[in-house]
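Structure data (PDB, C-alpha atoms) from protein-v2.pdb:
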```pdb
ATOM      1  CA  MET A   1     -18.429  -2.693 -53.220
ATOM      2  CA  PRO A   2     -14.751  -1.813 -53.859
ATOM      3  CA  ARG A   3     -13.846   1.668 -55.069
ATOM      4  CA  GLU A   4     -13.137   2.003 -58.788
ATOM      5  CA  ARG A   5      -9.679   3.136 -59.857
ATOM      6  CA  ASN A   6     -10.928   6.509 -61.211
ATOM      7  CA  GLU A   7     -12.978   7.137 -58.047
ATOM      8  CA  PRO A   8     -10.614   9.148 -55.812
ATOM      9  CA  VAL A   9     -12.843   9.242 -52.732
ATOM     10  CA  ARG A  10     -16.017   7.544 -51.604
ATOM     11  CA  LEU A  11     -18.078   9.554 -49.146
ATOM     12  CA  THR A  12     -20.744   7.369 -47.622
ATOM     13  CA  ARG A  13     -21.505   9.612 -44.675
ATOM     14  CA  ILE A  14     -21.451  13.399 -44.783
ATOM     15  CA  TYR A  15     -21.611  14.075 -41.063
ATOM     16  CA  THR A  16     -19.345  12.339 -38.560
ATOM     17  CA  ARG A  17     -19.845  14.480 -35.435
ATOM     18  CA  GLY A  18     -16.053  14.508 -35.159
ATOM     19  CA  GLY A  19     -15.899  18.299 -35.448
ATOM     20  CA  ASP A  20     -18.674  19.137 -33.024
ATOM     21  CA  ALA A  21     -16.203  20.063 -30.267
ATOM     22  CA  GLY A  22     -14.264  22.528 -32.438
ATOM     23  CA  GLU A  23     -11.640  20.199 -33.867
ATOM     24  CA  THR A  24     -11.307  18.557 -37.265
ATOM     25  CA  SER A  25      -9.171  15.856 -38.837
ATOM     26  CA  LEU A  26      -6.293  16.818 -41.079
ATOM     27  CA  GLY A  27      -5.397  14.883 -44.206
ATOM     28  CA  ASP A  28      -2.866  12.791 -42.284
ATOM     29  CA  GLY A  29      -5.431  11.789 -39.644
ATOM     30  CA  SER A  30      -4.142  14.122 -36.935
ATOM     31  CA  ARG A  31      -6.567  16.517 -35.232
ATOM     32  CA  ALA A  32      -6.433  20.320 -35.209
ATOM     33  CA  SER A  33      -8.533  23.144 -33.851
ATOM     34  CA  LYS A  34     -10.920  24.619 -36.385
ATOM     35  CA  LEU A  35      -9.300  27.951 -35.455
ATOM     36  CA  ASP A  36      -5.907  26.737 -36.727
ATOM     37  CA  PRO A  37      -4.542  28.924 -39.571
ATOM     38  CA  ARG A  38      -4.229  25.821 -41.763
ATOM     39  CA  ILE A  39      -7.955  25.113 -41.424
ATOM     40  CA  ARG A  40      -8.752  28.756 -42.194
ATOM     41  CA  ALA A  41      -6.535  28.589 -45.299
ATOM     42  CA  TYR A  42      -8.139  25.543 -46.849
ATOM     43  CA  GLY A  43     -11.582  26.765 -45.845
ATOM     44  CA  ILE A  44     -10.980  29.945 -47.829
ATOM     45  CA  VAL A  45      -9.687  27.852 -50.748
ATOM     46  CA  ASP A  46     -13.023  26.010 -50.613
ATOM     47  CA  GLU A  47     -14.837  29.370 -50.651
ATOM     48  CA  LEU A  48     -12.719  30.452 -53.633
ATOM     49  CA  ASN A  49     -13.613  27.259 -55.451
ATOM     50  CA  SER A  50     -17.300  27.969 -54.813
ATOM     51  CA  HIS A  51     -16.983  31.478 -56.255
ATOM     52  CA  ILE A  52     -15.347  30.047 -59.355
ATOM     53  CA  GLY A  53     -18.274  27.612 -59.551
ATOM     54  CA  VAL A  54     -20.661  30.580 -59.488
ATOM     55  CA  ALA A  55     -18.712  32.172 -62.357
ATOM     56  CA  LEU A  56     -18.792  28.880 -64.285
ATOM     57  CA  ALA A  57     -22.562  28.648 -63.772
ATOM     58  CA  GLY A  58     -23.028  32.012 -65.465
ATOM     59  CA  ASP A  59     -22.545  33.377 -68.947
ATOM     60  CA  LEU A  60     -18.822  32.746 -69.177
ATOM     61  CA  PRO A  61     -16.920  33.182 -72.453
ATOM     62  CA  PRO A  62     -16.025  29.708 -73.809
ATOM     63  CA  ALA A  63     -12.288  30.500 -73.866
ATOM     64  CA  LEU A  64     -12.359  30.923 -70.070
ATOM     65  CA  ARG A  65     -14.554  27.947 -69.201
ATOM     66  CA  ALA A  66     -12.094  25.028 -69.585
ATOM     67  CA  PRO A  67      -9.207  26.793 -67.816
ATOM     68  CA  LEU A  68     -11.458  27.717 -64.884
ATOM     69  CA  ALA A  69     -12.773  24.160 -64.638
ATOM     70  CA  ARG A  70      -9.150  22.976 -64.458
ATOM     71  CA  VAL A  71      -8.392  25.567 -61.760
ATOM     72  CA  GLN A  72     -11.400  24.310 -59.776
ATOM     73  CA  ASN A  73      -9.995  20.789 -59.806
ATOM     74  CA  GLU A  74      -6.498  22.026 -58.934
ATOM     75  CA  LEU A  75      -7.908  23.987 -56.002
ATOM     76  CA  PHE A  76      -9.057  20.668 -54.533
ATOM     77  CA  ASP A  77      -5.449  19.492 -54.881
ATOM     78  CA  VAL A  78      -4.262  22.686 -53.151
ATOM     79  CA  GLY A  79      -6.811  22.119 -50.383
ATOM     80  CA  ALA A  80      -5.556  18.546 -49.961
ATOM     81  CA  ASP A  81      -2.009  19.902 -49.764
ATOM     82  CA  LEU A  82      -2.960  22.502 -47.154
ATOM     83  CA  SER A  83      -4.781  19.858 -45.086
ATOM     84  CA  VAL A  84      -1.594  17.861 -44.456
ATOM     85  CA  PRO A  85       1.327  19.209 -42.400
ATOM     86  CA  PHE A  86       4.305  20.041 -44.617
ATOM     87  CA  ALA A  87       7.862  19.198 -43.619
ATOM     88  CA  GLY A  88       9.315  19.119 -47.119
ATOM     89  CA  PRO A  89       8.793  17.061 -50.258
ATOM     90  CA  ASP A  90       6.930  13.803 -49.666
ATOM     91  CA  GLU A  91       4.641  11.372 -51.477
ATOM     92  CA  ARG A  92       1.421  13.250 -50.623
ATOM     93  CA  LEU A  93      -0.702  15.166 -53.113
ATOM     94  CA  ARG A  94       1.061  18.526 -53.189
ATOM     95  CA  THR A  95       0.920  21.741 -55.161
ATOM     96  CA  THR A  96       3.623  21.559 -57.815
ATOM     97  CA  GLN A  97       5.700  23.972 -59.821
ATOM     98  CA  ALA A  98       4.058  22.528 -62.953
ATOM     99  CA  MET A  99       0.658  23.716 -61.672
ATOM    100  CA  ILE A 100       2.087  27.219 -61.169
ATOM    101  CA  ASP A 101       3.734  27.149 -64.595
ATOM    102  CA  GLY A 102       0.362  26.241 -66.119
ATOM    103  CA  LEU A 103      -1.270  29.260 -64.473
ATOM    104  CA  GLU A 104       1.527  31.541 -65.657
ATOM    105  CA  ALA A 105       1.120  30.258 -69.223
ATOM    106  CA  LEU A 106      -2.616  30.989 -69.044
ATOM    107  CA  CYS A 107      -1.914  34.461 -67.656
ATOM    108  CA  ASP A 108       0.537  35.233 -70.448
ATOM    109  CA  GLU A 109      -1.760  33.848 -73.159
ATOM    110  CA  HIS A 110      -4.879  35.731 -72.078
ATOM    111  CA  ASN A 111      -3.136  38.947 -71.019
ATOM    112  CA  ALA A 112      -1.478  39.253 -74.452
ATOM    113  CA  GLU A 113      -4.945  39.746 -75.985
ATOM    114  CA  LEU A 114      -5.890  42.616 -73.660
ATOM    115  CA  PRO A 115      -5.169  46.317 -74.048
ATOM    116  CA  GLU A 116      -2.404  47.807 -71.939
ATOM    117  CA  LEU A 117      -3.566  49.033 -68.544
ATOM    118  CA  LYS A 118      -3.475  52.797 -68.106
ATOM    119  CA  SER A 119      -5.177  52.871 -64.709
ATOM    120  CA  PHE A 120      -6.303  50.535 -61.968
ATOM    121  CA  VAL A 121      -9.378  48.515 -62.895
ATOM    122  CA  LEU A 122     -12.431  48.804 -60.690
ATOM    123  CA  PRO A 123     -14.192  45.485 -60.041
ATOM    124  CA  GLY A 124     -17.163  45.289 -62.362
ATOM    125  CA  GLY A 125     -18.237  45.767 -65.926
ATOM    126  CA  THR A 126     -20.219  42.683 -66.814
ATOM    127  CA  GLU A 127     -21.771  40.427 -64.208
ATOM    128  CA  THR A 128     -19.276  37.712 -65.182
ATOM    129  CA  ALA A 129     -16.336  40.069 -64.726
ATOM    130  CA  ALA A 130     -17.685  41.159 -61.345
ATOM    131  CA  ARG A 131     -18.003  37.517 -60.246
ATOM    132  CA  LEU A 132     -14.429  36.843 -61.325
ATOM    133  CA  HIS A 133     -13.247  39.905 -59.395
ATOM    134  CA  VAL A 134     -14.982  38.602 -56.267
ATOM    135  CA  ALA A 135     -13.233  35.254 -56.764
ATOM    136  CA  ARG A 136      -9.937  37.144 -57.200
ATOM    137  CA  THR A 137     -10.319  38.870 -53.846
ATOM    138  CA  VAL A 138     -11.094  35.555 -52.159
ATOM    139  CA  ALA A 139      -7.934  34.106 -53.753
ATOM    140  CA  ARG A 140      -5.940  36.947 -52.173
ATOM    141  CA  ARG A 141      -7.519  36.213 -48.807
ATOM    142  CA  ALA A 142      -6.672  32.495 -49.193
ATOM    143  CA  GLU A 143      -3.075  33.399 -49.989
ATOM    144  CA  ILE A 144      -2.823  35.587 -46.876
ATOM    145  CA  ALA A 145      -4.355  32.828 -44.733
ATOM    146  CA  ALA A 146      -1.815  30.358 -46.162
ATOM    147  CA  LEU A 147       0.980  32.773 -45.197
ATOM    148  CA  GLU A 148      -0.158  32.487 -41.580
ATOM    149  CA  ALA A 149       0.051  28.677 -41.660
ATOM    150  CA  ASP A 150       3.010  26.326 -41.886
ATOM    151  CA  VAL A 151       2.222  24.971 -45.354
ATOM    152  CA  ASN A 152       3.876  24.069 -48.635
ATOM    153  CA  PRO A 153       5.305  27.341 -50.031
ATOM    154  CA  LEU A 154       4.187  26.344 -53.537
ATOM    155  CA  ALA A 155       0.554  26.378 -52.375
ATOM    156  CA  ARG A 156       0.988  30.047 -51.467
ATOM    157  CA  VAL A 157       2.522  30.823 -54.854
ATOM    158  CA  TYR A 158      -0.285  28.951 -56.606
ATOM    159  CA  LEU A 159      -2.908  31.043 -54.813
ATOM    160  CA  ASN A 160      -1.061  34.225 -55.783
ATOM    161  CA  ARG A 161      -1.081  33.166 -59.452
ATOM    162  CA  VAL A 162      -4.760  32.188 -59.295
ATOM    163  CA  SER A 163      -5.604  35.733 -58.188
ATOM    164  CA  ASP A 164      -3.545  37.090 -61.102
ATOM    165  CA  LEU A 165      -5.344  34.773 -63.522
ATOM    166  CA  LEU A 166      -8.758  35.765 -62.186
ATOM    167  CA  PHE A 167      -7.884  39.454 -62.646
ATOM    168  CA  ILE A 168      -6.919  38.779 -66.260
ATOM    169  CA  PHE A 169     -10.034  36.648 -66.817
ATOM    170  CA  ALA A 170     -12.244  39.420 -65.382
ATOM    171  CA  ARG A 171     -10.688  41.826 -67.864
ATOM    172  CA  SER A 172     -11.167  39.236 -70.629
ATOM    173  CA  ALA A 173     -14.829  38.770 -69.720
ATOM    174  CA  ASN A 174     -15.400  42.488 -70.236
ATOM    175  CA  ALA A 175     -13.456  42.411 -73.509
ATOM    176  CA  PHE A 176     -15.422  39.414 -74.821
ATOM    177  CA  ALA A 177     -18.647  41.290 -74.058
ATOM    178  CA  GLY A 178     -17.373  44.429 -75.810
ATOM    179  CA  ARG A 179     -17.656  46.299 -72.532
ATOM    180  CA  ASP A 180     -15.267  49.008 -71.396
ATOM    181  CA  GLU A 181     -13.528  48.279 -68.133
ATOM    182  CA  PRO A 182     -14.454  50.541 -65.253
ATOM    183  CA  LEU A 183     -11.234  52.381 -64.451
ATOM    184  CA  TRP A 184     -10.190  54.158 -61.306
ATOM    185  CA  ARG A 185     -10.208  57.926 -61.642
ATOM    186  CA  PRO A 186      -8.382  59.375 -58.651
ATOM    187  CA  GLY A 187     -10.228  62.051 -56.733
ATOM    188  CA  VAL A 188     -13.554  61.627 -58.525
TER     189      VAL A 188
END
```
Could you quickly redo this structure as structure tokens?
Amino acid sequence: MPRERNEPVRLTRIYTRGGDAGETSLGDGSRASKLDPRIRAYGIVDELNSHIGVALAGDLPPALRAPLARVQNELFDVGADLSVPFAGPDERLRTTQAMIDGLEALCDEHNAELPELKSFVLPGGTETAARLHVARTVARRAEIAALEADVNPLARVYLNRVSDLLFIFARSANAFAGRDEPLWRPGV
């Protein structure tokens, strides 16, 4: 049966045995070691996406749900970008400046509603905020992994902005719950 237009991929077989010897296929069909920094980068993006899924499965404030669902979908686009060698602009699915601009708009919108920071925020507060903080730290790790790989520079910027957004959303989750943020108190 032919694939429908709105069906981006059809996976008929989950295992291929192609990676059993420590290599995997990239998005362009070439092969790479599973130890390649590119593979590590998009693997961590997949982990990040899973952590966002955990946050979405919980008691998330409605104002954060749709933006996080969009970020989840965009992270698949980022993963697709990272899975294909980058030599400059091409016709492949790539991370775009518009995606980054969208994250920055969300950051500005949600940060404007929060009180000014007077100390560093400790990860925690509500369970939802803690989950978002965990996702934030995974986003940072994905960004660092992408720095070690020869990838689209916009993918790196996107991951940086995602971590910023997740920090703001963690703060927002505490605010929505009426919970004070746990703040760092030096020397305590």
For this session: Select all residues near (-8.6, 16.1, -59.0) (cut-off 12 Å, inclusive, file coordinates), counting all atoms listed in the file, and output them as an MDAnalysis selection string.
Result: chainID A and resid 6:9 69:81 93:95
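The residues caught by the PyMOL selection byres ((chain A and resi 148) around 12) in this file are Leu35, Asp36, Pro37, Arg38, Ile39, Arg40, Ala41, Tyr42, Leu82, Arg141, Ala142, Glu143, Ile144, Ala145, Ala146, Leu147, Ala149, Asp150, Val151, Asn152, Pro153 and Arg156 of chain A.
Closest approach to A:Ala66 from the set A:Tyr15, A:Lys118, A:Ala130, A:Ile52 is made by A:Ile52, with distances taken over only C-alpha atoms.
You can rank A:Phe176, A:Pro115, A:Arg140, A:Arg161 by their closest distance to A:Ile44 using only C-alpha atoms, and at the top of that list sits A:Arg140.
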Exercise. Could you write out as a PyMOL selection string the residues that the PyMOL selection byres ((chain A and resi 177) around 12) matches in the shown file?
Worked result: chain A and resi 59-62+125-129+170-176+178-181
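Relative to atom CA of A:Asp108, atom CA of A:Arg92 is found at 29.6 Å.
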Problem set entry | Residue nearest A:Leu154 - candidates A:Asp20, A:Asp101, A:Glu4, A:Asp28, atoms counted: only C-alpha atoms | A:Asp101
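Using all atoms listed in the file for every distance, the candidate list A:His51, A:Arg136, A:Arg65, A:Arg17 yields A:Arg136 as the residue closest to A:Phe167.
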Exercise. What gap, in Å, lies between atom CA of A:Gly29 and atom CA of A:Leu48?
Worked result: 24.4 Å
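Interatomic distance, atom CA of A:Val45 against atom CA of A:His133: 15.3 Å.
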Exercise. Which neighbours of A:Trp184 fall inside 12 Å, counting all atoms listed in the file, when residues of the same chain fewer than 2 positions from it are skipped, and could you give them as a PyMOL selection string?
Worked result: chain A and resi 117-124+181-182+186-188
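Proximity to A:Glu116 was assessed for A:Met99, A:Ile168, A:Thr16, A:Asp90 counting all atoms listed in the file; the smallest distance is recorded for A:Ile168.
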